[in-house]
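To be precise, the following lines are my_file-v6.cif, and they hold mmCIF, C-alpha atoms (C1' of nucleotides).
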```cif
data_upload
#
loop_
_atom_site.label_atom_id
_atom_site.label_comp_id
_atom_site.auth_asym_id
_atom_site.auth_seq_id
_atom_site.Cartn_x
_atom_site.Cartn_y
_atom_site.Cartn_z
CA MET A 716 -58.69 65.28 14.50
CA SER A 717 -62.19 64.11 13.76
CA GLY A 718 -61.84 60.67 12.17
CA ARG A 719 -64.56 58.99 10.21
CA PRO A 720 -67.87 60.79 10.66
CA ARG A 721 -70.82 59.12 12.26
CA ASP A 722 -73.41 57.70 9.92
CA ARG A 723 -76.42 59.81 10.83
CA ASP A 724 -78.56 57.86 8.41
CA LEU A 725 -77.78 54.63 10.19
CA GLU A 726 -78.90 56.26 13.42
CA LEU A 727 -82.21 57.29 11.91
CA ARG A 728 -82.68 53.85 10.36
CA LEU A 729 -82.22 52.23 13.76
CA LEU A 730 -84.66 54.62 15.41
CA SER A 731 -87.23 54.02 12.71
CA ALA A 732 -86.81 50.29 12.94
CA ALA A 733 -87.21 50.45 16.71
CA TRP A 734 -90.36 52.53 16.39
CA SER A 735 -91.74 50.25 13.74
CA LEU A 736 -91.19 47.12 15.80
CA LEU A 737 -92.45 48.80 18.96
CA THR A 738 -95.73 49.77 17.36
CA SER A 739 -96.24 46.48 15.59
CA GLN A 740 -94.96 43.92 18.07
CA GLY A 741 -94.79 45.70 21.42
CA TYR A 742 -91.85 46.37 23.68
CA ASP A 743 -91.28 42.83 24.90
CA ALA A 744 -91.09 41.35 21.45
CA LEU A 745 -88.74 44.09 20.33
CA LYS A 746 -85.35 42.36 20.16
CA LEU A 747 -82.24 44.29 19.26
CA THR A 748 -81.34 41.68 16.69
CA ARG A 749 -84.59 42.41 14.87
CA VAL A 750 -84.07 46.13 15.09
CA ALA A 751 -80.63 45.83 13.59
CA ALA A 752 -81.82 43.48 10.87
CA GLN A 753 -84.67 45.76 9.86
CA ALA A 754 -82.26 48.70 9.73
CA ASN A 755 -79.77 46.78 7.60
CA ALA A 756 -77.24 47.02 10.37
CA HIS A 757 -75.65 44.92 13.09
CA ARG A 758 -76.56 44.51 16.70
CA THR A 759 -73.29 46.11 17.75
CA ASP A 760 -74.27 49.27 15.91
CA VAL A 761 -77.05 49.66 18.44
CA TYR A 762 -74.75 49.31 21.42
CA ARG A 763 -72.35 51.86 19.97
CA ARG A 764 -75.10 54.49 20.25
CA TRP A 765 -77.40 53.42 23.06
CA PRO A 766 -76.33 51.75 26.27
CA SER A 767 -79.48 49.65 26.51
CA LYS A 768 -82.69 48.69 24.84
CA VAL A 769 -84.78 50.99 26.98
CA ARG A 770 -82.69 54.02 25.96
CA LEU A 771 -83.06 53.19 22.30
CA VAL A 772 -86.82 52.91 22.67
CA THR A 773 -87.25 56.15 24.62
CA ASP A 774 -85.23 57.93 21.94
CA ALA A 775 -87.37 56.32 19.28
CA LEU A 776 -90.47 57.52 21.12
CA ALA A 777 -89.13 61.06 21.34
CA GLU A 778 -88.39 60.96 17.63
CA HIS A 779 -91.58 59.41 16.31
CA LEU A 780 -94.34 60.08 18.83
CA PRO A 781 -96.88 62.35 17.16
CA PRO A 782 -97.01 65.84 18.69
CA VAL A 783 -99.87 66.92 20.91
CA SER A 784 -102.56 69.09 19.42
CA GLU A 785 -103.49 72.52 20.70
CA PHE A 786 -107.04 73.75 21.08
CA ASP A 787 -109.10 76.55 22.62
CA THR A 788 -112.78 75.78 22.49
CA GLY A 789 -113.93 78.47 24.87
CA SER A 790 -115.00 76.37 27.84
CA LEU A 791 -113.12 74.24 30.32
CA HIS A 792 -115.43 71.31 29.80
CA SER A 793 -114.95 71.06 26.07
CA ASP A 794 -111.24 71.84 26.35
CA ILE A 795 -110.77 68.97 28.76
CA ARG A 796 -112.85 66.75 26.55
CA ALA A 797 -110.69 67.61 23.54
CA TYR A 798 -107.58 66.85 25.55
CA LEU A 799 -109.05 63.53 26.64
CA ASP A 800 -109.87 62.63 23.06
CA ASP A 801 -106.21 63.18 22.24
CA LEU A 802 -105.09 61.06 25.16
CA ALA A 803 -107.56 58.36 24.24
CA ALA A 804 -106.09 58.16 20.76
CA SER A 805 -102.65 57.51 22.26
CA TRP A 806 -103.91 54.98 24.76
CA SER A 807 -105.91 53.19 22.08
CA SER A 808 -103.05 52.88 19.62
CA PRO A 809 -101.53 49.43 19.26
CA TRP A 810 -98.10 50.23 20.67
CA ILE A 811 -99.67 50.80 24.06
CA ASP A 812 -99.91 47.03 24.36
CA GLY A 813 -96.17 47.02 24.92
CA LEU A 814 -96.03 50.00 27.24
CA VAL A 815 -96.03 47.96 30.42
CA GLY A 816 -92.81 46.26 29.42
CA LEU A 817 -91.21 49.63 28.79
CA LEU A 818 -92.40 50.91 32.16
CA ALA A 819 -90.88 47.88 33.82
CA ASP A 820 -87.48 48.48 32.26
CA LEU A 821 -87.64 52.19 33.01
CA ARG A 822 -87.42 51.33 36.70
CA HIS A 823 -83.86 50.17 36.17
CA ASP A 824 -82.69 53.27 34.29
CA ILE A 825 -83.33 56.52 36.09
CA ASP A 826 -82.16 58.71 33.22
CA ALA A 827 -84.46 56.99 30.76
CA GLU A 828 -87.31 57.25 33.24
CA LEU A 829 -86.78 60.99 33.62
CA ALA A 830 -86.68 61.42 29.85
CA PHE A 831 -89.88 59.43 29.53
CA ARG A 832 -91.63 61.39 32.24
CA LYS A 833 -90.57 64.65 30.62
CA MET A 834 -92.23 63.53 27.40
CA GLY A 835 -95.41 62.88 29.33
CA GLU A 836 -95.29 66.29 30.94
CA ARG A 837 -94.77 67.96 27.61
CA ARG A 838 -97.86 66.21 26.31
CA GLY A 839 -99.84 67.59 29.24
CA GLN A 840 -99.17 71.20 28.34
CA PRO A 841 -102.46 71.73 26.44
CA MET A 842 -104.36 70.57 29.52
CA ARG A 843 -102.48 73.00 31.73
CA ASN A 844 -103.12 75.81 29.27
CA ALA A 845 -106.83 75.01 29.28
CA ILE A 846 -106.95 75.26 33.05
CA GLU A 847 -105.01 78.52 32.92
CA ARG A 848 -107.60 79.97 30.57
CA ALA A 849 -110.45 78.69 32.74
CA ILE A 850 -108.95 80.47 35.72
CA GLU A 851 -108.71 83.72 33.75
CA ARG A 852 -112.33 83.33 32.68
CA GLY A 853 -113.36 82.78 36.29
CA GLU A 854 -114.54 79.22 35.76
CA ILE A 855 -112.17 78.02 38.46
CA ASN A 856 -111.59 79.81 41.72
CA GLU A 857 -108.48 78.38 43.29
CA VAL A 858 -105.42 77.07 41.49
CA PRO A 859 -105.65 73.27 41.39
CA ASP A 860 -102.94 70.64 41.83
CA LEU A 861 -101.98 70.05 38.22
CA SER A 862 -100.37 66.68 38.78
CA LEU A 863 -103.58 65.55 40.47
CA ILE A 864 -105.64 66.67 37.48
CA GLY A 865 -103.25 64.84 35.19
CA ASP A 866 -103.80 61.67 37.22
CA LEU A 867 -107.57 62.14 37.26
CA LEU A 868 -107.67 62.43 33.48
CA GLU A 869 -105.06 59.96 32.32
CA GLY A 870 -105.27 57.49 35.23
CA PRO A 871 -108.69 56.04 34.39
CA LEU A 872 -107.69 55.62 30.74
CA MET A 873 -104.48 53.90 31.72
CA HIS A 874 -106.27 51.65 34.17
CA ARG A 875 -108.96 50.67 31.70
CA ARG A 876 -106.48 49.90 28.94
CA MET A 877 -103.81 48.16 31.01
CA ILE A 878 -105.90 46.20 33.50
CA GLY A 879 -109.38 45.91 32.05
CA ARG A 880 -108.14 46.07 28.43
CA GLN A 881 -111.43 47.53 27.29
CA PRO A 882 -112.02 50.19 24.63
CA LEU A 883 -112.38 53.90 25.37
CA THR A 884 -115.81 54.95 24.17
CA PRO A 885 -117.02 58.56 23.82
CA ASP A 886 -119.42 58.07 26.73
CA TYR A 887 -116.59 56.82 28.84
CA LEU A 888 -114.38 59.80 28.00
CA GLU A 889 -117.25 62.16 28.71
CA ALA A 890 -117.70 60.69 32.17
CA VAL A 891 -113.99 60.98 32.93
CA ALA A 892 -113.99 64.59 31.73
CA LEU A 893 -117.02 65.39 33.86
CA SER A 894 -115.52 63.92 36.99
CA ALA A 895 -112.48 66.19 36.69
CA VAL A 896 -114.34 69.30 35.55
CA ARG A 897 -116.82 69.08 38.41
CA LEU A 898 -113.99 68.76 40.88
CA LEU A 899 -112.27 71.78 39.34
CA THR A 900 -115.29 74.05 39.17
CA GLY A 901 -116.92 72.83 42.36
CA THR A 902 -120.32 72.85 40.69
CA ALA A 903 -122.69 70.32 39.23
CA VAL A 904 -122.64 72.04 35.81
CA ASP A 905 -124.58 70.63 32.91
CA ALA A 906 -125.32 66.96 32.61
CA MET B 198 -102.60 3.37 41.34
CA SER B 199 -101.60 6.59 42.96
CA GLY B 200 -97.83 6.44 43.36
CA ARG B 201 -95.87 8.69 45.63
CA PRO B 202 -98.00 11.56 46.93
CA ARG B 203 -97.21 15.11 46.13
CA ASP B 204 -95.30 17.04 48.74
CA ARG B 205 -97.87 19.67 49.67
CA ASP B 206 -95.42 21.29 52.04
CA LEU B 207 -92.95 21.81 49.24
CA GLU B 208 -95.67 23.53 47.27
CA LEU B 209 -96.42 25.90 50.13
CA ARG B 210 -92.72 26.58 50.66
CA LEU B 211 -92.34 27.55 47.02
CA LEU B 212 -95.38 29.85 47.14
CA SER B 213 -94.13 31.50 50.32
CA ALA B 214 -90.68 31.95 48.86
CA ALA B 215 -92.17 33.49 45.73
CA TRP B 216 -94.30 35.88 47.76
CA SER B 217 -91.38 36.80 49.97
CA LEU B 218 -89.11 37.58 47.03
CA LEU B 219 -91.89 39.39 45.17
CA THR B 220 -92.56 41.73 48.08
CA SER B 221 -88.92 42.35 48.88
CA GLN B 222 -87.28 42.48 45.46
CA GLY B 223 -90.07 43.00 42.97
CA TYR B 224 -91.21 40.84 40.08
CA ASP B 225 -88.30 41.45 37.76
CA ALA B 226 -85.70 40.50 40.33
CA LEU B 227 -87.64 37.37 41.23
CA LYS B 228 -85.64 34.55 39.66
CA LEU B 229 -86.82 30.98 39.86
CA THR B 230 -83.40 29.90 41.07
CA ARG B 231 -83.77 32.20 44.07
CA VAL B 232 -87.29 30.98 44.75
CA ALA B 233 -86.14 27.37 44.74
CA ALA B 234 -83.14 28.12 46.90
CA GLN B 235 -85.19 29.95 49.50
CA ALA B 236 -87.66 27.06 49.58
CA ASN B 237 -84.90 24.48 49.99
CA ALA B 238 -85.82 22.98 46.68
CA HIS B 239 -84.65 22.77 43.12
CA ARG B 240 -85.57 24.84 40.11
CA THR B 241 -87.10 21.81 38.45
CA ASP B 242 -89.55 21.47 41.33
CA VAL B 243 -91.03 24.77 40.22
CA TYR B 244 -91.50 23.65 36.64
CA ARG B 245 -93.15 20.44 37.79
CA ARG B 246 -95.96 22.55 39.32
CA TRP B 247 -96.18 25.77 37.37
CA PRO B 248 -95.62 26.14 33.64
CA SER B 249 -94.07 29.58 33.99
CA LYS B 250 -92.91 32.25 36.36
CA VAL B 251 -96.02 34.36 35.93
CA ARG B 252 -98.28 31.46 36.96
CA LEU B 253 -96.26 30.84 40.06
CA VAL B 254 -96.50 34.50 41.03
CA THR B 255 -100.23 34.83 40.42
CA ASP B 256 -100.77 31.72 42.57
CA ALA B 257 -98.54 33.23 45.24
CA LEU B 258 -100.60 36.41 45.09
CA ALA B 259 -103.85 34.52 45.44
CA GLU B 260 -102.40 32.68 48.43
CA HIS B 261 -100.79 35.55 50.30
CA LEU B 262 -102.51 38.79 49.28
CA PRO B 263 -104.25 40.19 52.36
CA PRO B 264 -108.05 40.18 52.12
CA VAL B 265 -110.02 43.34 51.50
CA SER B 266 -111.75 45.00 54.43
CA GLU B 267 -115.46 45.65 54.64
CA PHE B 268 -117.02 48.84 55.95
CA ASP B 269 -120.33 50.70 56.19
CA THR B 270 -119.86 54.24 57.39
CA GLY B 271 -123.32 55.51 56.50
CA SER B 272 -122.50 57.83 53.63
CA LEU B 273 -121.26 57.25 50.11
CA HIS B 274 -118.52 59.83 50.49
CA SER B 275 -116.92 58.28 53.55
CA ASP B 276 -117.47 54.76 52.23
CA ILE B 277 -115.62 55.63 49.06
CA ARG B 278 -112.94 57.32 51.08
CA ALA B 279 -112.50 54.21 53.23
CA TYR B 280 -112.26 52.08 50.12
CA LEU B 281 -109.66 54.43 48.66
CA ASP B 282 -107.62 54.27 51.85
CA ASP B 283 -107.56 50.51 51.44
CA LEU B 284 -106.53 50.77 47.80
CA ALA B 285 -103.87 53.31 48.68
CA ALA B 286 -102.34 50.92 51.18
CA SER B 287 -102.00 48.31 48.45
CA TRP B 288 -100.62 50.75 45.92
CA SER B 289 -98.16 52.12 48.44
CA SER B 290 -96.79 48.77 49.52
CA PRO B 291 -93.31 47.93 48.31
CA TRP B 292 -94.23 45.02 46.09
CA ILE B 293 -96.13 47.35 43.79
CA ASP B 294 -92.75 48.44 42.46
CA GLY B 295 -92.64 45.14 40.66
CA LEU B 296 -96.22 45.09 39.47
CA VAL B 297 -95.46 46.50 36.04
CA GLY B 298 -93.22 43.55 35.27
CA LEU B 299 -95.98 41.18 36.26
CA LEU B 300 -98.48 43.06 34.11
CA ALA B 301 -96.11 42.77 31.18
CA ASP B 302 -95.80 39.01 31.52
CA LEU B 303 -99.54 38.63 32.02
CA ARG B 304 -100.04 39.74 28.42
CA HIS B 305 -98.45 36.51 27.27
CA ASP B 306 -100.58 34.21 29.42
CA ILE B 307 -104.31 34.70 29.04
CA ASP B 308 -105.22 32.29 31.82
CA ALA B 309 -102.95 34.01 34.29
CA GLU B 310 -104.32 37.38 33.22
CA LEU B 311 -107.89 36.24 33.81
CA ALA B 312 -106.98 34.91 37.24
CA PHE B 313 -105.26 38.19 38.07
CA ARG B 314 -108.19 40.27 36.89
CA LYS B 315 -110.57 38.15 38.91
CA MET B 316 -108.54 38.91 42.02
CA GLY B 317 -108.84 42.60 41.26
CA GLU B 318 -112.60 42.35 40.81
CA ARG B 319 -112.96 40.51 44.07
CA ARG B 320 -111.12 43.34 45.79
CA GLY B 321 -113.59 45.83 44.33
CA GLN B 322 -116.59 44.22 46.00
CA PRO B 323 -116.68 46.60 49.00
CA MET B 324 -116.85 49.54 46.61
CA ARG B 325 -119.75 48.00 44.73
CA ASN B 326 -121.53 47.29 47.99
CA ALA B 327 -121.07 50.90 49.05
CA ILE B 328 -122.67 52.13 45.84
CA GLU B 329 -125.50 49.65 46.26
CA ARG B 330 -126.23 51.07 49.71
CA ALA B 331 -126.03 54.63 48.39
CA ILE B 332 -128.63 53.79 45.77
CA GLU B 333 -130.94 52.35 48.42
CA ARG B 334 -130.47 55.48 50.54
CA GLY B 335 -131.32 57.63 47.54
CA GLU B 336 -127.90 59.29 47.33
CA ILE B 337 -127.57 58.14 43.74
CA ASN B 338 -130.34 58.27 41.19
CA GLU B 339 -129.31 56.12 38.27
CA VAL B 340 -127.23 52.97 38.38
CA PRO B 341 -123.66 53.88 37.41
CA ASP B 342 -121.18 51.99 35.25
CA LEU B 343 -119.27 50.11 37.93
CA SER B 344 -116.19 49.44 35.83
CA LEU B 345 -116.00 53.17 35.13
CA ILE B 346 -116.16 53.95 38.84
CA GLY B 347 -113.45 51.40 39.47
CA ASP B 348 -111.25 53.14 36.90
CA LEU B 349 -112.01 56.58 38.33
CA LEU B 350 -110.94 55.46 41.80
CA GLU B 351 -108.03 53.16 41.14
CA GLY B 352 -106.77 54.73 37.92
CA PRO B 353 -105.40 57.94 39.43
CA LEU B 354 -103.64 55.98 42.17
CA MET B 355 -102.13 53.62 39.64
CA HIS B 356 -101.04 56.48 37.41
CA ARG B 357 -99.48 58.42 40.25
CA ARG B 358 -97.58 55.41 41.59
CA MET B 359 -96.47 53.91 38.29
CA ILE B 360 -95.72 57.02 36.24
CA GLY B 361 -95.20 59.87 38.66
CA ARG B 362 -93.98 57.58 41.44
CA GLN B 363 -95.18 59.99 44.08
CA PRO B 364 -96.76 59.21 47.45
CA LEU B 365 -100.51 59.02 48.04
CA THR B 366 -101.35 61.65 50.65
CA PRO B 367 -104.67 61.97 52.49
CA ASP B 368 -105.43 65.20 50.61
CA TYR B 369 -104.79 63.45 47.35
CA LEU B 370 -107.08 60.55 48.22
CA GLU B 371 -109.77 62.98 49.35
CA ALA B 372 -109.67 64.76 46.00
CA VAL B 373 -109.90 61.47 44.10
CA ALA B 374 -112.84 60.39 46.25
CA LEU B 375 -114.59 63.73 45.71
CA SER B 376 -114.20 63.58 41.94
CA ALA B 377 -115.95 60.22 41.83
CA VAL B 378 -118.61 60.99 44.42
CA ARG B 379 -119.61 64.22 42.72
CA LEU B 380 -119.96 62.40 39.45
CA LEU B 381 -122.08 59.73 41.10
CA THR B 382 -124.36 62.07 43.01
CA GLY B 383 -124.49 64.78 40.37
CA THR B 384 -124.11 67.47 43.03
CA ALA B 385 -121.39 69.71 44.38
CA VAL B 386 -121.83 68.29 47.90
CA ASP B 387 -119.72 69.49 50.79
CA ALA B 388 -116.20 70.77 50.32
"C1'" DA C 743 -48.71 59.79 4.97
"C1'" DC C 744 -50.70 59.57 9.47
"C1'" DA C 745 -53.66 59.69 13.51
"C1'" DT C 746 -58.34 59.10 14.67
"C1'" DT C 747 -62.88 57.59 14.73
"C1'" DT C 748 -66.41 54.82 12.93
"C1'" DC C 749 -68.10 50.63 10.50
"C1'" DG C 750 -68.85 45.67 9.39
"C1'" DC C 751 -68.26 41.60 11.32
"C1'" DT C 752 -67.23 37.49 14.37
"C1'" DA C 753 -66.80 35.80 18.72
"C1'" DC C 754 -67.37 35.39 23.55
"C1'" DG C 755 -69.35 35.49 28.33
"C1'" DA C 756 -73.11 35.96 31.52
"C1'" DG C 757 -77.68 35.02 33.07
"C1'" DA C 758 -82.25 33.16 32.76
"C1'" DT C 759 -85.64 30.15 30.81
"C1'" DG C 760 -87.43 25.80 29.84
"C1'" DT C 761 -86.57 20.58 28.83
"C1'" DA C 762 -84.70 15.73 29.30
"C1'" DG C 763 -83.60 12.05 31.87
"C1'" DC C 764 -81.76 9.00 35.56
"C1'" DG C 765 -81.75 6.64 40.07
"C1'" DG C 766 -84.11 6.48 44.32
"C1'" DA C 767 -88.08 7.11 47.47
"C1'" DA C 768 -92.97 6.74 48.72
"C1'" DT C 769 -97.41 5.15 47.95
"C1'" DG C 770 -101.51 1.79 46.57
"C1'" DG C 771 -102.78 -2.52 44.89
"C1'" DA C 772 -102.11 -7.58 43.64
"C1'" DT D 1427 -93.95 -9.19 49.53
"C1'" DC D 1428 -93.59 -7.67 44.95
"C1'" DC D 1429 -94.86 -4.38 41.48
"C1'" DA D 1430 -96.55 -0.48 38.93
"C1'" DT D 1431 -96.88 4.27 39.44
"C1'" DT D 1432 -95.84 8.75 40.62
"C1'" DC D 1433 -93.02 12.07 42.72
"C1'" DC D 1434 -88.40 13.78 44.40
"C1'" DG D 1435 -83.40 15.17 44.13
"C1'" DC D 1436 -80.18 16.09 41.04
"C1'" DT D 1437 -77.22 16.87 36.81
"C1'" DA D 1438 -77.03 18.15 32.31
"C1'" DC D 1439 -78.35 20.36 28.17
"C1'" DA D 1440 -80.28 23.52 24.67
"C1'" DT D 1441 -81.83 28.15 23.69
"C1'" DC D 1442 -82.30 32.87 23.78
"C1'" DT D 1443 -81.05 37.52 24.76
"C1'" DC D 1444 -78.32 40.87 26.50
"C1'" DG D 1445 -74.02 43.27 26.65
"C1'" DT D 1446 -68.77 43.39 25.73
"C1'" DA D 1447 -64.28 42.66 23.20
"C1'" DG D 1448 -61.58 43.04 19.39
"C1'" DC D 1449 -59.91 43.04 14.54
"C1'" DG D 1450 -59.28 44.73 9.80
"C1'" DA D 1451 -61.14 48.14 6.68
"C1'" DA D 1452 -63.12 52.60 5.46
"C1'" DA D 1453 -63.57 57.54 5.91
"C1'" DT D 1454 -62.30 61.79 7.57
"C1'" DG D 1455 -58.84 65.98 9.16
"C1'" DT D 1456 -53.98 67.43 9.46
#
```
Structure encoded using C-alpha cells:
Amino acid sequence: MSGRPRDRDLELRLLSAAWSLLTSQGYDALKLTRVAAQANAHRTDVYRRWPSKVRLVTDALAEHLPPVSEFDTGSLHSDIRAYLDDLAASWSSPWIDGLVGLLADLRHDIDAELAFRKMGERRGQPMRNAIERAIERGEINEVPDLSLIGDLLEGPLMHRRMIGRQPLTPDYLEAVALSAVRLLTGTAVDA
Amino acid sequence: MSGRPRDRDLELRLLSAAWSLLTSQGYDALKLTRVAAQANAHRTDVYRRWPSKVRLVTDALAEHLPPVSEFDTGSLHSDIRAYLDDLAASWSSPWIDGLVGLLADLRHDIDAELAFRKMGERRGQPMRNAIERAIERGEINEVPDLSLIGDLLEGPLMHRRMIGRQPLTPDYLEAVALSAVRLLTGTAVDA
DNA sequence: ACATTTCGCTACGAGATGTAGCGGAATGGA
DNA sequence: TCCATTCCGCTACATCTCGTAGCGAAATGT
C-alpha cells in the first residue's frame, strides 16, 4: 500500500531554492515563504519534509556545498597552505555572512548541530591526511591533537571574517599556516 | 524648558535586567518582555531608550562586562599565556552560549557592531602591551601584524567553543600560546 | 473500486517586534 | 500659581514569521 509517491523533484527544488537564498541573502533573511515561492511550491510543502528551517538549511548545505579538494604537495608546509587556501575560499564566499545566524539556530537543534559538525569534520579530512603523511616522512615526531590543529587553522579565519570582517590575504594565510606548522614540527623552519 | 527628568534608575534597572537575562539564558532567549518585567517596567520603556534589542544588549555589555586584567610577567610567552587565560575565562563563561545570536543581529546594525568591536579591541590592549614590551626586550625583531596575532590567539578559542563546543583546558591554551609565540619570535623556544 | 499517501491550498494560533496614543506625573520657567 | 514640556504607566494595534490543522483532489498499489 504505497499511495501517491513523493515528488522528489519538488524536494530538490526546495533544496536548491534554500541554497540559492542562503548564498545570496544569508541565513537570517532566508524566509520559508521565499523558499517556497522560489521553488514554485507552498510553505507547507517545506514543513512536510523538514521539521524546521535549520534542518532544511543543513540539508541544503550537505547537498550543495562544494566538495573539498585533495592534494599531496610533498611537504607539510605547502600541504597545510593548500588546505588553508581551500578553507579561505569557503570563508570568503558570500554565504558566510549568514553563517552566524545558522550557528545560533543550531544551538536549539542537537541533531542538526551534529549533522553540521560532521560536515565540518569531513571537510577536514585532507588536513588530517597531510599530517599523516608528514608523520610518515618524519617531519613530525609525536602525533598531534587533530582537533587543536583544526582550531589553529580555521579559528583565525573564522575570527577574522566574523568579528573583524576583513579579507583573507595570501600573506595572512601564510602566517596562519606557519604558526601551525611550526607548532607541529617544533622547529623554526624556513621563513 | 526641560520637562520631567528621565528616570536614570529605570535605565540602570533595564540594563541590569538585560545583563542578567543575557548571562543566564543567552541572547536568543532574551525577550524584551522579560527584560521589562524583571526591571519592574514596561516593554515600551525599552523602546523609548533603545531602538532595538541588539542596542540594549551592547549597552548592557559595555556597562557590566568585567574589565580586562593587566599583567607583566617578564617574558612574552608567559604574558601571552596570561592573556589567553583571561580570554579563556570569557569564552568559557555561560553567556558565550548566546554570543552567536548577538553576532547575527549585529550584522543588521552597523553602529552596534562598531561599538561591539571597539569593546573587543579595548580588551586586547594587554596583549598589545605585552608585545610592545617583548619588542623592547629584543624578543621580537620585526613589528608584527597585531590584528593577525589577535586572530591567532582568540580565533582558536572561538572556534573550539562555538563549533566544537569543547572545554578550554590548560594544555590547550598552552598550545595556542606556543603557536603564536613561536611565530612572533621565529624560534622553536622551550617546549 | 478502494485504501493510502501526497499535493495544493486556505486558515488558524502563538510569539515577538515595533508603533501609536492617551491621561497623569514631574520638572523649569513666566 | 499657571503653563509648556517631557517623561512615565499603560492599553491597544499592526506586522511578521514560525509552525500546525484540515480539506478536497490527485496519484499510486491492490
- request: Would you mind telling me which residue in C:DA762, C:DC754, C:DA745, C:DA772 lies nearest to DT1427 in chain D when using only C-alpha atoms (C1' of nucleotides)?
  value: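 Comparing C:DA762, C:DC754, C:DA745, C:DA772 against DT1427 in chain D, the winner is C:DA772.
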Taking the file above as input, evaluate the PyMOL selection byres ((chain A) within 10 of (chain D)) and report the hits as a PDB file with C-alpha atoms, keeping the file's coordinate frame.
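The resulting result.pdb:
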```
ATOM      1  CA  MET A 716     -58.690  65.280  14.500  1.00  0.00           C
ATOM      2  CA  SER A 717     -62.190  64.110  13.760  1.00  0.00           C
ATOM      3  CA  GLY A 718     -61.840  60.670  12.170  1.00  0.00           C
ATOM      4  CA  ARG A 719     -64.560  58.990  10.210  1.00  0.00           C
ATOM      5  CA  PRO A 720     -67.870  60.790  10.660  1.00  0.00           C
ATOM      6  CA  ARG A 721     -70.820  59.120  12.260  1.00  0.00           C
ATOM      7  CA  LYS A 746     -85.350  42.360  20.160  1.00  0.00           C
ATOM      8  CA  LEU A 747     -82.240  44.290  19.260  1.00  0.00           C
ATOM      9  CA  THR A 748     -81.340  41.680  16.690  1.00  0.00           C
ATOM     10  CA  THR A 759     -73.290  46.110  17.750  1.00  0.00           C
ATOM     11  CA  TYR A 762     -74.750  49.310  21.420  1.00  0.00           C
ATOM     12  CA  PRO A 766     -76.330  51.750  26.270  1.00  0.00           C
ATOM     13  CA  SER A 767     -79.480  49.650  26.510  1.00  0.00           C
ATOM     14  CA  LYS A 768     -82.690  48.690  24.840  1.00  0.00           C
TER      15      LYS A 768
END
```
Long-range neighbours of Leu814 in chain A as a list in words, 9 Å cut-off, only C-alpha atoms (C1' of nucleotides), 2 positions minimum in chain: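 So, after excluding close chain neighbours, the residues are Gly741, Tyr742, Asp743, Trp810, Ile811, Asp812, Gly816, Leu817, Leu818, Ala819 and Met877 of chain A; Ala301 of chain B.
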Can you spell out as a compact mmCIF listing (two decimals) with C-alpha atoms, in the frame of the given file the set of residues that the PyMOL selection byres ((chain B and resi 311-323) around 9) selects in the structure I just provided?
```
# COMPACT_ATOMS: atom_id res chain seq x y z
CA ILE A 878 -105.90 46.20 33.50
CA GLY A 879 -109.38 45.91 32.05
CA THR B 255 -100.23 34.83 40.42
CA ASP B 256 -100.77 31.72 42.57
CA LEU B 258 -100.60 36.41 45.09
CA ALA B 259 -103.85 34.52 45.44
CA PRO B 264 -108.05 40.18 52.12
CA VAL B 265 -110.02 43.34 51.50
CA SER B 266 -111.75 45.00 54.43
CA GLU B 267 -115.46 45.65 54.64
CA PHE B 268 -117.02 48.84 55.95
CA ASP B 276 -117.47 54.76 52.23
CA TYR B 280 -112.26 52.08 50.12
CA LEU B 284 -106.53 50.77 47.80
CA LEU B 303 -99.54 38.63 32.02
CA ASP B 306 -100.58 34.21 29.42
CA ILE B 307 -104.31 34.70 29.04
CA ASP B 308 -105.22 32.29 31.82
CA ALA B 309 -102.95 34.01 34.29
CA GLU B 310 -104.32 37.38 33.22
CA MET B 324 -116.85 49.54 46.61
CA ARG B 325 -119.75 48.00 44.73
CA ASN B 326 -121.53 47.29 47.99
CA ALA B 327 -121.07 50.90 49.05
CA ILE B 328 -122.67 52.13 45.84
CA GLY B 347 -113.45 51.40 39.47
```
Chain B contacts to chain A at 9 Å (all atoms listed in the file) as a PyMOL selection string: chain B and resi 225+294-302+304+310+314+344-357+359-361+369+372-373+375-381+383-386+388
task: Point out the residue among C:DG750, C:DG766, C:DG755, C:DG760 with the least atom-to-atom distance to chain A, counting only C-alpha atoms (C1' of nucleotides).
output: C:DG750
field: Picked residues, the PyMOL selection byres ((chain B and resi 211) around 8), expected as a PyMOL selection string
entry: chain B and resi 207-210+212-215+232-233+235-236+238+243
- request: For CA of Thr788 in chain A and CA of Glu857 in chain A, determine how far apart the two atoms are, in Å to one decimal place.
  value: 21.4 Å
message: Based on only C-alpha atoms (C1' of nucleotides), which of the residues in chain C come within 9 Å of chain B? I want them as a count of residues only.
response: 7
- prompt: Distance CA of Thr738 in chain A-CA of Ala775 in chain A, one decimal place?
  reply: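 Separation of CA of Thr738 in chain A and CA of Ala775 in chain A: 10.8 Å.
If you look at CA of Glu851 in chain A and CA of Leu799 in chain A, they are 21.4 Å away from each other.
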Could N, CA and C atoms be built for range 797-803 of chain A and written out as a compact mmCIF listing (two decimals), keeping the file's coordinate frame?
```txt
# COMPACT_ATOMS: atom_id res chain seq x y z
N ALA A 797 -111.58 67.70 24.71
CA ALA A 797 -110.69 67.61 23.54
C ALA A 797 -109.35 67.00 23.93
N TYR A 798 -108.85 67.42 25.07
CA TYR A 798 -107.58 66.85 25.55
C TYR A 798 -107.72 65.35 25.78
N LEU A 799 -108.82 64.96 26.38
CA LEU A 799 -109.05 63.53 26.64
C LEU A 799 -109.16 62.74 25.34
N ASP A 800 -109.78 63.32 24.34
CA ASP A 800 -109.87 62.63 23.06
C ASP A 800 -108.47 62.37 22.51
N ASP A 801 -107.59 63.36 22.66
CA ASP A 801 -106.21 63.18 22.24
C ASP A 801 -105.54 62.06 23.02
N LEU A 802 -105.68 62.11 24.32
CA LEU A 802 -105.09 61.06 25.16
C LEU A 802 -105.63 59.70 24.78
N ALA A 803 -106.93 59.64 24.56
CA ALA A 803 -107.56 58.36 24.24
C ALA A 803 -106.98 57.77 22.96
```
